[in-house]
file run-v9.cif (mmCIF, C-alpha atoms and all ligand atoms)
data_entry
loop_
_atom_site.label_atom_id
_atom_site.label_comp_id
_atom_site.auth_asym_id
_atom_site.auth_seq_id
_atom_site.Cartn_x
_atom_site.Cartn_y
_atom_site.Cartn_z
CA MET A 1039 3.94 76.93 -58.44
CA GLN A 1040 1.30 75.19 -60.51
CA ARG A 1041 -1.60 74.12 -58.34
CA ASP A 1042 -4.84 72.33 -59.14
CA LYS A 1043 -7.69 74.77 -59.08
CA LEU A 1044 -9.95 74.27 -56.12
CA LEU A 1045 -13.48 74.25 -57.51
CA MET A 1046 -15.82 75.77 -54.97
CA THR A 1047 -18.45 76.14 -57.66
CA PRO A 1048 -21.93 74.65 -57.83
CA GLY A 1049 -20.70 72.11 -60.34
CA PRO A 1050 -18.48 70.83 -61.64
CA THR A 1051 -16.94 69.95 -58.30
CA MET A 1052 -13.75 68.22 -57.16
CA ILE A 1053 -13.28 64.50 -57.77
CA PRO A 1054 -11.66 62.22 -55.16
CA HIS A 1055 -8.57 60.32 -56.22
CA ARG A 1056 -10.32 56.98 -55.80
CA VAL A 1057 -12.93 58.02 -58.34
CA ARG A 1058 -10.45 59.57 -60.79
CA GLU A 1059 -8.38 56.39 -60.71
CA THR A 1060 -11.31 54.31 -62.02
CA MET A 1061 -11.54 56.53 -65.08
CA ALA A 1062 -7.94 55.91 -66.09
CA ARG A 1063 -8.51 52.20 -66.59
CA GLN A 1064 -8.68 50.40 -69.94
CA MET A 1065 -12.15 50.40 -71.52
CA ILE A 1066 -14.46 47.48 -70.98
CA HIS A 1067 -17.39 46.53 -73.17
CA HIS A 1068 -20.83 47.52 -71.96
CA ARG A 1069 -22.47 44.19 -72.83
CA THR A 1070 -20.43 42.12 -70.41
CA LYS A 1071 -20.80 40.65 -66.93
CA GLU A 1072 -18.01 42.91 -65.76
CA PHE A 1073 -19.90 46.02 -66.77
CA GLU A 1074 -23.13 44.61 -65.33
CA HIS A 1075 -21.40 44.40 -61.95
CA TYR A 1076 -20.62 48.13 -61.88
CA PHE A 1077 -23.99 49.08 -63.32
CA GLU A 1078 -25.88 47.12 -60.66
CA LYS A 1079 -23.67 48.43 -57.90
CA MET A 1080 -24.38 51.99 -59.06
CA ASN A 1081 -28.11 51.34 -59.35
CA GLU A 1082 -28.41 49.79 -55.89
CA GLY A 1083 -26.45 52.69 -54.44
CA LEU A 1084 -28.58 55.26 -56.25
CA LYS A 1085 -31.72 53.81 -54.67
CA LYS A 1086 -30.18 54.33 -51.24
CA VAL A 1087 -29.14 57.90 -52.00
CA PHE A 1088 -32.57 58.69 -53.47
CA GLN A 1089 -34.30 56.80 -50.60
CA THR A 1090 -36.54 55.05 -53.09
CA GLN A 1091 -37.75 51.64 -54.13
CA ASN A 1092 -38.41 53.02 -57.62
CA PRO A 1093 -36.04 52.37 -60.48
CA VAL A 1094 -33.45 55.11 -60.97
CA LEU A 1095 -32.64 55.60 -64.66
CA THR A 1096 -29.24 56.80 -65.79
CA LEU A 1097 -29.09 59.12 -68.79
CA VAL A 1098 -25.90 60.09 -70.59
CA SER A 1099 -26.43 63.81 -70.31
CA SER A 1100 -26.12 66.78 -68.05
CA GLY A 1101 -28.89 67.64 -65.64
CA THR A 1102 -30.94 69.80 -67.98
CA CYS A 1103 -31.56 66.86 -70.26
CA GLY A 1104 -32.97 64.97 -67.26
CA MET A 1105 -35.35 67.91 -66.76
CA GLU A 1106 -36.36 67.82 -70.42
CA ALA A 1107 -36.75 64.05 -70.31
CA ALA A 1108 -39.09 64.36 -67.31
CA VAL A 1109 -41.27 66.76 -69.29
CA VAL A 1110 -41.41 64.80 -72.56
CA ASN A 1111 -41.93 61.45 -70.87
CA ALA A 1112 -44.69 62.33 -68.44
CA PHE A 1113 -46.88 64.77 -70.36
CA SER A 1114 -48.73 65.45 -73.60
CA PRO A 1115 -49.20 68.66 -75.57
CA GLY A 1116 -51.65 71.00 -73.86
CA ASP A 1117 -51.33 69.41 -70.41
CA LYS A 1118 -51.56 71.96 -67.65
CA VAL A 1119 -48.61 72.05 -65.24
CA LEU A 1120 -47.51 74.36 -62.47
CA VAL A 1121 -43.91 75.48 -61.92
CA ALA A 1122 -43.02 77.03 -58.57
CA SER A 1123 -39.99 79.00 -59.69
CA THR A 1124 -37.47 80.40 -57.25
CA GLY A 1125 -34.74 81.35 -59.73
CA VAL A 1126 -32.84 80.43 -62.89
CA PHE A 1127 -33.44 76.72 -62.58
CA GLY A 1128 -37.15 77.00 -61.83
CA ASP A 1129 -37.42 79.23 -64.89
CA ARG A 1130 -35.67 76.53 -66.90
CA PHE A 1131 -38.58 74.16 -66.22
CA VAL A 1132 -40.92 76.91 -67.45
CA LYS A 1133 -38.91 77.24 -70.68
CA ILE A 1134 -38.71 73.51 -71.32
CA ALA A 1135 -42.38 72.80 -70.63
CA SER A 1136 -43.45 75.80 -72.75
CA ARG A 1137 -41.23 74.72 -75.65
CA PHE A 1138 -43.02 71.35 -75.67
CA GLY A 1139 -46.45 72.94 -75.83
CA LEU A 1140 -47.63 72.39 -72.27
CA ASP A 1141 -49.97 74.89 -70.64
CA VAL A 1142 -47.50 76.27 -68.09
CA GLN A 1143 -48.72 78.09 -65.00
CA VAL A 1144 -46.08 79.77 -62.88
CA ILE A 1145 -45.71 80.86 -59.28
CA SER A 1146 -42.76 83.28 -59.38
CA VAL A 1147 -41.16 83.55 -55.98
CA PRO A 1148 -38.89 86.60 -55.48
CA TRP A 1149 -35.29 85.50 -55.90
CA GLY A 1150 -33.60 84.72 -52.61
CA HIS A 1151 -36.77 83.28 -51.09
CA GLY A 1152 -38.17 79.77 -50.91
CA VAL A 1153 -41.65 78.82 -52.07
CA ASP A 1154 -44.23 78.59 -49.32
CA PRO A 1155 -46.12 75.29 -49.78
CA ARG A 1156 -49.34 77.16 -48.97
CA GLU A 1157 -48.87 79.24 -52.13
CA ILE A 1158 -48.93 76.06 -54.17
CA GLU A 1159 -51.95 74.80 -52.28
CA ASP A 1160 -53.80 78.10 -52.81
CA PHE A 1161 -53.00 78.01 -56.50
CA LEU A 1162 -54.27 74.45 -56.89
CA ASN A 1163 -57.46 75.28 -54.97
CA GLY A 1164 -57.96 78.51 -56.93
CA PRO A 1165 -59.62 79.14 -60.31
CA LYS A 1166 -56.49 78.33 -62.34
CA GLY A 1167 -55.67 75.20 -60.36
CA GLU A 1168 -58.26 73.02 -62.08
CA GLY A 1169 -56.69 70.13 -64.02
CA VAL A 1170 -53.04 70.68 -63.11
CA LYS A 1171 -51.28 67.43 -64.02
CA GLY A 1172 -47.85 68.15 -62.64
CA VAL A 1173 -46.11 70.43 -60.15
CA PHE A 1174 -42.43 71.23 -60.75
CA VAL A 1175 -40.15 72.36 -57.93
CA THR A 1176 -36.40 72.97 -57.71
CA HIS A 1177 -35.01 71.51 -54.49
CA ASN A 1178 -31.78 73.45 -54.19
CA GLU A 1179 -32.11 76.64 -56.27
CA THR A 1180 -28.44 76.97 -57.12
CA SER A 1181 -28.81 80.46 -58.61
CA THR A 1182 -29.90 82.04 -55.32
CA GLY A 1183 -28.73 79.66 -52.56
CA VAL A 1184 -32.24 78.68 -51.49
CA ALA A 1185 -33.49 75.22 -50.56
CA ASN A 1186 -37.20 74.55 -50.96
CA ASP A 1187 -39.35 72.55 -48.55
CA LEU A 1188 -40.03 69.37 -50.53
CA GLU A 1189 -41.53 67.57 -47.57
CA GLY A 1190 -44.14 70.28 -47.04
CA ILE A 1191 -45.00 70.42 -50.74
CA GLY A 1192 -45.15 66.63 -50.99
CA ARG A 1193 -47.59 66.48 -48.11
CA LEU A 1194 -50.09 68.76 -49.78
CA LEU A 1195 -49.76 67.05 -53.17
CA ASN A 1196 -50.12 63.55 -51.78
CA ASP A 1197 -53.81 62.92 -52.34
CA ARG A 1198 -54.04 64.94 -55.55
CA ASP A 1199 -54.15 63.50 -59.01
CA CYS A 1200 -51.02 65.29 -60.08
CA LEU A 1201 -47.35 64.43 -60.42
CA PHE A 1202 -44.70 65.97 -58.16
CA ILE A 1203 -41.52 66.54 -60.17
CA VAL A 1204 -38.34 67.72 -58.52
CA ASP A 1205 -35.07 69.09 -59.84
CA ALA A 1206 -32.65 67.79 -57.22
CA ILE A 1207 -29.72 68.18 -59.61
CA SER A 1208 -27.58 70.16 -57.19
CA SER A 1209 -28.90 68.68 -53.94
CA MET A 1210 -29.07 64.93 -54.31
CA GLY A 1211 -26.21 63.38 -52.35
CA GLY A 1212 -25.62 66.53 -50.32
CA MET A 1213 -29.01 67.25 -48.78
CA GLU A 1214 -31.54 64.64 -47.82
CA VAL A 1215 -34.26 63.82 -50.32
CA LYS A 1216 -36.78 61.23 -49.08
CA THR A 1217 -38.16 60.45 -52.50
CA ASP A 1218 -40.75 57.83 -51.51
CA GLU A 1219 -41.69 59.17 -48.09
CA TRP A 1220 -42.26 62.68 -49.46
CA GLY A 1221 -44.23 61.33 -52.41
CA ILE A 1222 -42.01 62.65 -55.19
CA ASP A 1223 -42.86 61.08 -58.54
CA ILE A 1224 -39.89 62.12 -60.64
CA VAL A 1225 -36.59 63.25 -59.18
CA VAL A 1226 -33.74 64.43 -61.40
CA ALA A 1227 -30.15 64.46 -60.12
CA GLY A 1228 -26.85 65.27 -61.81
CA SER A 1229 -23.42 63.70 -61.52
CA GLN A 1230 -21.30 66.87 -61.28
CA LYS A 1231 -22.73 68.50 -58.16
CA ALA A 1232 -22.81 66.60 -54.85
CA PHE A 1233 -21.97 63.16 -56.27
CA MET A 1234 -18.21 63.81 -56.55
CA LEU A 1235 -18.30 62.88 -60.24
CA PRO A 1236 -17.52 64.62 -63.52
CA PRO A 1237 -20.38 66.07 -65.58
CA GLY A 1238 -22.07 63.64 -67.93
CA LEU A 1239 -24.74 61.61 -66.15
CA ALA A 1240 -28.25 62.46 -65.04
CA PHE A 1241 -30.09 60.13 -62.65
CA VAL A 1242 -33.88 60.06 -62.69
CA SER A 1243 -36.19 58.16 -60.34
CA VAL A 1244 -39.72 57.39 -61.47
CA SER A 1245 -42.69 56.39 -59.28
CA ASP A 1246 -45.53 54.01 -60.20
CA LYS A 1247 -47.85 56.99 -60.52
CA ALA A 1248 -45.41 58.60 -62.95
CA TRP A 1249 -45.06 55.38 -64.97
CA ALA A 1250 -48.83 55.37 -65.48
CA ALA A 1251 -48.59 58.90 -66.91
CA ILE A 1252 -45.53 57.98 -68.99
CA GLU A 1253 -47.40 55.12 -70.65
CA LYS A 1254 -50.05 57.62 -71.81
CA SER A 1255 -47.72 60.46 -72.82
CA ARG A 1256 -48.02 61.58 -76.44
CA LEU A 1257 -44.95 63.82 -76.74
CA PRO A 1258 -42.36 62.40 -79.16
CA LYS A 1259 -39.06 61.07 -77.79
CA PHE A 1260 -36.57 58.45 -78.77
CA TYR A 1261 -33.17 58.57 -77.08
CA TYR A 1262 -34.63 59.55 -73.73
CA ASP A 1263 -37.73 57.35 -73.82
CA PHE A 1264 -38.01 56.22 -70.20
CA LEU A 1265 -39.87 53.05 -71.20
CA ALA A 1266 -36.78 51.86 -73.07
CA TYR A 1267 -34.58 52.61 -70.04
CA ARG A 1268 -36.95 50.76 -67.69
CA LYS A 1269 -36.96 47.69 -69.94
CA SER A 1270 -33.15 47.64 -70.16
CA LEU A 1271 -32.73 48.30 -66.46
CA ALA A 1272 -34.74 45.16 -65.69
CA GLU A 1273 -32.17 43.32 -67.83
CA LYS A 1274 -29.34 45.06 -65.93
CA THR A 1275 -28.25 47.06 -68.91
CA THR A 1276 -28.84 50.27 -70.85
CA PRO A 1277 -30.69 50.65 -74.16
CA TYR A 1278 -27.71 52.22 -75.94
CA THR A 1279 -23.98 52.48 -75.29
CA THR A 1280 -23.70 54.25 -71.98
CA ALA A 1281 -20.81 56.34 -70.63
CA VAL A 1282 -19.00 53.26 -69.35
CA SER A 1283 -16.22 55.14 -67.52
CA LEU A 1284 -18.70 57.41 -65.77
CA VAL A 1285 -20.84 54.49 -64.64
CA ILE A 1286 -17.78 52.80 -63.15
CA ALA A 1287 -16.77 56.08 -61.53
CA ALA A 1288 -20.31 56.49 -60.18
CA SER A 1289 -20.25 53.03 -58.63
CA GLU A 1290 -17.06 54.03 -56.83
CA ALA A 1291 -18.23 57.51 -55.77
CA ILE A 1292 -21.48 56.15 -54.39
CA GLU A 1293 -19.56 53.44 -52.52
CA MET A 1294 -17.52 56.24 -50.92
CA MET A 1295 -20.72 58.07 -50.03
CA LEU A 1296 -22.19 55.00 -48.37
CA GLU A 1297 -18.94 54.43 -46.48
CA GLU A 1298 -19.09 57.96 -45.10
CA GLY A 1299 -22.76 57.48 -44.32
CA LEU A 1300 -25.53 59.58 -45.80
CA ASP A 1301 -26.40 61.22 -42.48
CA ASN A 1302 -22.76 62.18 -41.96
CA ILE A 1303 -22.65 63.65 -45.45
CA TYR A 1304 -25.74 65.77 -44.80
CA ALA A 1305 -24.30 66.92 -41.47
CA ARG A 1306 -20.97 67.80 -43.09
CA HIS A 1307 -22.67 69.96 -45.70
CA ARG A 1308 -24.91 71.65 -43.15
CA ASN A 1309 -21.90 72.45 -41.00
CA LEU A 1310 -19.97 73.88 -43.97
CA ALA A 1311 -22.94 76.10 -44.81
CA GLU A 1312 -23.30 77.32 -41.24
CA ALA A 1313 -19.60 78.08 -41.05
CA CYS A 1314 -19.64 79.86 -44.39
CA ARG A 1315 -22.58 82.05 -43.39
CA ALA A 1316 -20.98 82.90 -40.04
CA ALA A 1317 -17.74 83.87 -41.79
CA VAL A 1318 -19.46 86.04 -44.36
CA LYS A 1319 -21.44 87.89 -41.70
CA ALA A 1320 -18.32 88.36 -39.57
CA ILE A 1321 -16.63 90.41 -42.30
CA GLY A 1322 -19.70 92.55 -42.82
CA LEU A 1323 -21.02 91.01 -46.01
CA GLN A 1324 -24.70 90.23 -46.52
CA LEU A 1325 -26.23 86.93 -47.48
CA PHE A 1326 -28.44 86.95 -50.56
CA ALA A 1327 -30.85 84.21 -49.53
CA ASP A 1328 -33.37 84.38 -46.75
CA GLU A 1329 -31.66 82.43 -43.96
CA LYS A 1330 -34.81 80.44 -43.17
CA HIS A 1331 -34.44 78.78 -46.56
CA ALA A 1332 -30.66 78.82 -46.81
CA SER A 1333 -29.12 75.98 -48.78
CA ASP A 1334 -26.61 73.63 -47.17
CA LEU A 1335 -24.72 73.37 -50.45
CA ILE A 1336 -24.24 76.87 -51.76
CA THR A 1337 -23.96 80.28 -50.16
CA ALA A 1338 -24.89 83.35 -52.19
CA ILE A 1339 -23.33 86.59 -50.98
CA LYS A 1340 -24.17 90.16 -51.98
CA GLY A 1341 -21.28 92.14 -53.37
CA PRO A 1342 -20.58 95.06 -51.03
CA GLU A 1343 -21.32 98.60 -52.20
CA GLY A 1344 -18.49 100.10 -54.24
CA ILE A 1345 -16.57 96.85 -54.72
CA ASP A 1346 -16.19 95.21 -58.14
CA ILE A 1347 -17.18 91.74 -57.02
CA GLU A 1348 -16.36 90.16 -60.38
CA LYS A 1349 -12.80 91.43 -59.95
CA VAL A 1350 -12.67 89.82 -56.51
CA ARG A 1351 -13.75 86.56 -58.07
CA LYS A 1352 -11.09 86.90 -60.75
CA THR A 1353 -8.36 87.51 -58.15
CA MET A 1354 -9.48 84.46 -56.19
CA ASN A 1355 -9.18 82.42 -59.35
CA LEU A 1356 -6.00 83.79 -60.93
CA GLN A 1357 -3.99 84.60 -57.84
CA TYR A 1358 -5.22 82.02 -55.34
CA ASP A 1359 -6.45 79.23 -57.66
CA ILE A 1360 -9.89 79.05 -56.15
CA MET A 1361 -12.95 79.20 -58.34
CA ILE A 1362 -16.27 80.34 -56.99
CA ALA A 1363 -19.32 81.31 -59.04
CA GLY A 1364 -20.74 84.71 -59.91
CA GLY A 1365 -24.36 85.72 -60.23
CA GLN A 1366 -26.52 84.53 -63.10
CA GLN A 1367 -28.72 86.73 -65.29
CA HIS A 1368 -29.67 89.98 -63.50
CA LEU A 1369 -27.52 88.99 -60.52
CA LYS A 1370 -24.34 89.04 -62.61
CA GLY A 1371 -21.87 91.38 -60.92
CA LYS A 1372 -24.15 91.66 -57.89
CA ILE A 1373 -23.54 88.43 -56.01
CA ILE A 1374 -20.95 85.71 -55.65
CA ARG A 1375 -21.77 82.11 -54.85
CA ILE A 1376 -19.55 79.74 -52.90
CA GLY A 1377 -20.33 76.11 -53.63
CA HIS A 1378 -19.66 73.67 -50.80
CA MET A 1379 -20.98 70.46 -52.23
CA GLY A 1380 -19.55 67.01 -52.76
CA TYR A 1381 -15.87 66.33 -52.13
CA VAL A 1382 -15.26 69.30 -49.87
CA ASP A 1383 -14.29 69.73 -46.23
CA GLY A 1384 -13.60 72.42 -43.66
CA PHE A 1385 -10.06 73.01 -44.90
CA ASP A 1386 -11.32 73.68 -48.40
CA LEU A 1387 -13.73 76.22 -46.98
CA ILE A 1388 -11.01 77.85 -44.87
CA ARG A 1389 -8.77 78.16 -47.92
CA THR A 1390 -11.63 79.73 -49.83
CA LEU A 1391 -12.38 82.20 -47.06
CA ILE A 1392 -8.75 83.29 -46.80
CA ALA A 1393 -8.67 83.85 -50.55
CA LEU A 1394 -11.93 85.80 -50.32
CA GLU A 1395 -10.59 87.99 -47.51
CA LEU A 1396 -7.34 88.73 -49.33
CA SER A 1397 -9.06 89.41 -52.64
CA LEU A 1398 -11.65 91.71 -51.05
CA SER A 1399 -8.89 93.52 -49.20
CA GLN A 1400 -6.97 94.03 -52.46
CA GLU A 1401 -10.06 95.77 -53.85
CA GLY A 1402 -10.09 98.15 -50.90
CA PHE A 1403 -12.75 96.51 -48.78
CA PRO A 1404 -11.90 97.19 -45.12
CA ILE A 1405 -11.11 93.88 -43.56
CA GLU A 1406 -8.87 92.45 -40.87
CA PRO A 1407 -7.50 89.32 -42.58
CA GLY A 1408 -8.36 86.28 -40.50
CA THR A 1409 -11.76 87.54 -39.37
CA ALA A 1410 -13.78 85.27 -41.65
CA VAL A 1411 -11.56 82.30 -40.95
CA SER A 1412 -11.78 82.63 -37.20
CA ALA A 1413 -15.57 82.99 -37.35
CA ALA A 1414 -15.73 79.87 -39.47
CA LEU A 1415 -13.45 77.94 -37.15
CA LYS A 1416 -15.80 78.59 -34.25
CA VAL A 1417 -18.55 76.79 -36.14
CA LEU A 1418 -16.67 74.13 -38.11
CA LYS A 1419 -16.54 70.61 -36.80
CA MET A 1420 -13.19 69.73 -38.31
C1 LIG B 1501 -26.63 72.68 -62.37
C2 LIG B 1501 -28.11 72.70 -62.27
C3 LIG B 1501 -28.94 72.39 -63.36
C4 LIG B 1501 -28.43 72.22 -64.75
O1 LIG B 1501 -27.66 71.16 -64.90
P1 LIG B 1501 -26.66 70.96 -66.16
O2 LIG B 1501 -25.98 69.75 -65.68
O3 LIG B 1501 -25.80 72.16 -66.25
O4 LIG B 1501 -27.50 70.74 -67.34
C5 LIG B 1501 -30.30 72.33 -63.16
N1 LIG B 1501 -30.84 72.60 -61.97
C6 LIG B 1501 -30.08 72.93 -60.91
C7 LIG B 1501 -30.74 73.23 -59.61
C8 LIG B 1501 -28.70 72.98 -61.03
O5 LIG B 1501 -27.95 73.33 -59.97
#
call {"tool": "encode", "arguments": {"input": "run-v9.cif", "output": "structure tokens"}}
result
Amino acid sequence: MQRDKLLMTPGPTMIPHRVRETMARQMIHHRTKEFEHYFEKMNEGLKKVFQTQNPVLTLVSSGTCGMEAAVVNAFSPGDKVLVASTGVFGDRFVKIASRFGLDVQVISVPWGHGVDPREIEDFLNGPKGEGVKGVFVTHNETSTGVANDLEGIGRLLNDRDCLFIVDAISSMGGMEVKTDEWGIDIVVAGSQKAFMLPPGLAFVSVSDKAWAAIEKSRLPKFYYDFLAYRKSLAEKTTPYTTAVSLVIAASEAIEMMLEEGLDNIYARHRNLAEACRAAVKAIGLQLFADEKHASDLITAIKGPEGIDIEKVRKTMNLQYDIMIAGGQQHLKGKIIRIGHMGYVDGFDLIRTLIALELSLSQEGFPIEPGTAVSAALKVLKM
């Protein structure tokens, strides 16, 4: 039987029927009242999801371009910035900012751990902290399954003359981000993670403090010049042809999110994460991330000794039609990552856990099928 693959990956993720249906419609022109309606609806919804009064710009790109755009819009060559890196995506900020000639300072947190806000504070108060113009943090470090404490970091950055820039690409819409209350100046989100949308859009909120820096920035940019997006946004449009179908889809997906209620969405994700961790521990596997900083949206699991974990992943995909992610970079072949973000519920997790149990068992891992599922069921609020 041909089944749709169940994507339990950290993006792309599954798309609800209601959202897919909008993308099958005939094209409309982007300079029309009809388009304006969807665009405004999306923008108003984005402000609610981001918990901000700031404009949220929509770029036709994947998340990484939003990260690059944050760098080129807010800084100038030689500016000193600090990246608190907790994995692959923190390192990506280091690469981007270095490529554009910034003076990049790095706090490298061991993978699997979250950054302690005090480490950032100590750095800024130390000899190398002088003149730091921006601090970059990944909210949900998708490569390791760690969520960083944005509130704590925001608190210590509040009265400093430095921008707080957050990659919330895989968290926004699944874990709470209080953009204004936590004092975050630039937040980057992506459509294909918790937003229940296909890849293709990045959403970026920009604070007044960041706009002041943007007006002074001397790095070259054209297509992703935030000033052009701000000007168009005020006129309820985009500077260039946008991804019309994705904007319409986003207006629908965000409507669904608001119908469910943001607090309910956060609770659903937290519950899925708790159930997933309980299930994994019940079958004798180890979590990769420090549980104090465990993400609500992705669970990273160490491959057990003597088991080819990539083969387990392949069986889950080819035999049971469930895709999960492997490890990135030096974690390839060492961990697996189960994404539980966006359009996903307890039944999806149960199906994934059964497939994981069966696939592990086929590789010779001693397991009583049903153990993970029953541990999960004790925790899941179905
Ligand atoms: C997925 C992801 C990105 C990269 O996004 P792309 O859309 O693949 O460019 C960046 N940061 C985090 C935390 C992510 O999860």
call {"tool": "atom_distance", "arguments": {"input": "run-v9.cif", "atom1": "CA of Leu1369 in chain A", "atom2": "CA of Phe1403 in chain A"}}
result
20.3 Å
call {"tool": "closest_residue", "arguments": {"input": "run-v9.cif", "among": "A:Ile1392, A:Leu1335, A:Val1175, A:Ile1203", "to": "Leu1310 in chain A", "atoms": "all atoms listed in the file"}}
result
A:Leu1335
call {"tool": "atom_distance", "arguments": {"input": "run-v9.cif", "atom1": "CA of Thr1051 in chain A", "atom2": "CA of Leu1097 in chain A"}}
result
19.4 Å
call {"tool": "closest_residue", "arguments": {"input": "run-v9.cif", "among": "A:Met1295, A:Val1417, A:Val1318, A:Ile1191", "to": "Met1210 in chain A", "atoms": "all atoms listed in the file"}}
result
A:Met1295
call {"tool": "atom_distance", "arguments": {"input": "run-v9.cif", "atom1": "CA of Pro1237 in chain A", "atom2": "CA of Phe1174 in chain A"}}
result
23.2 Å
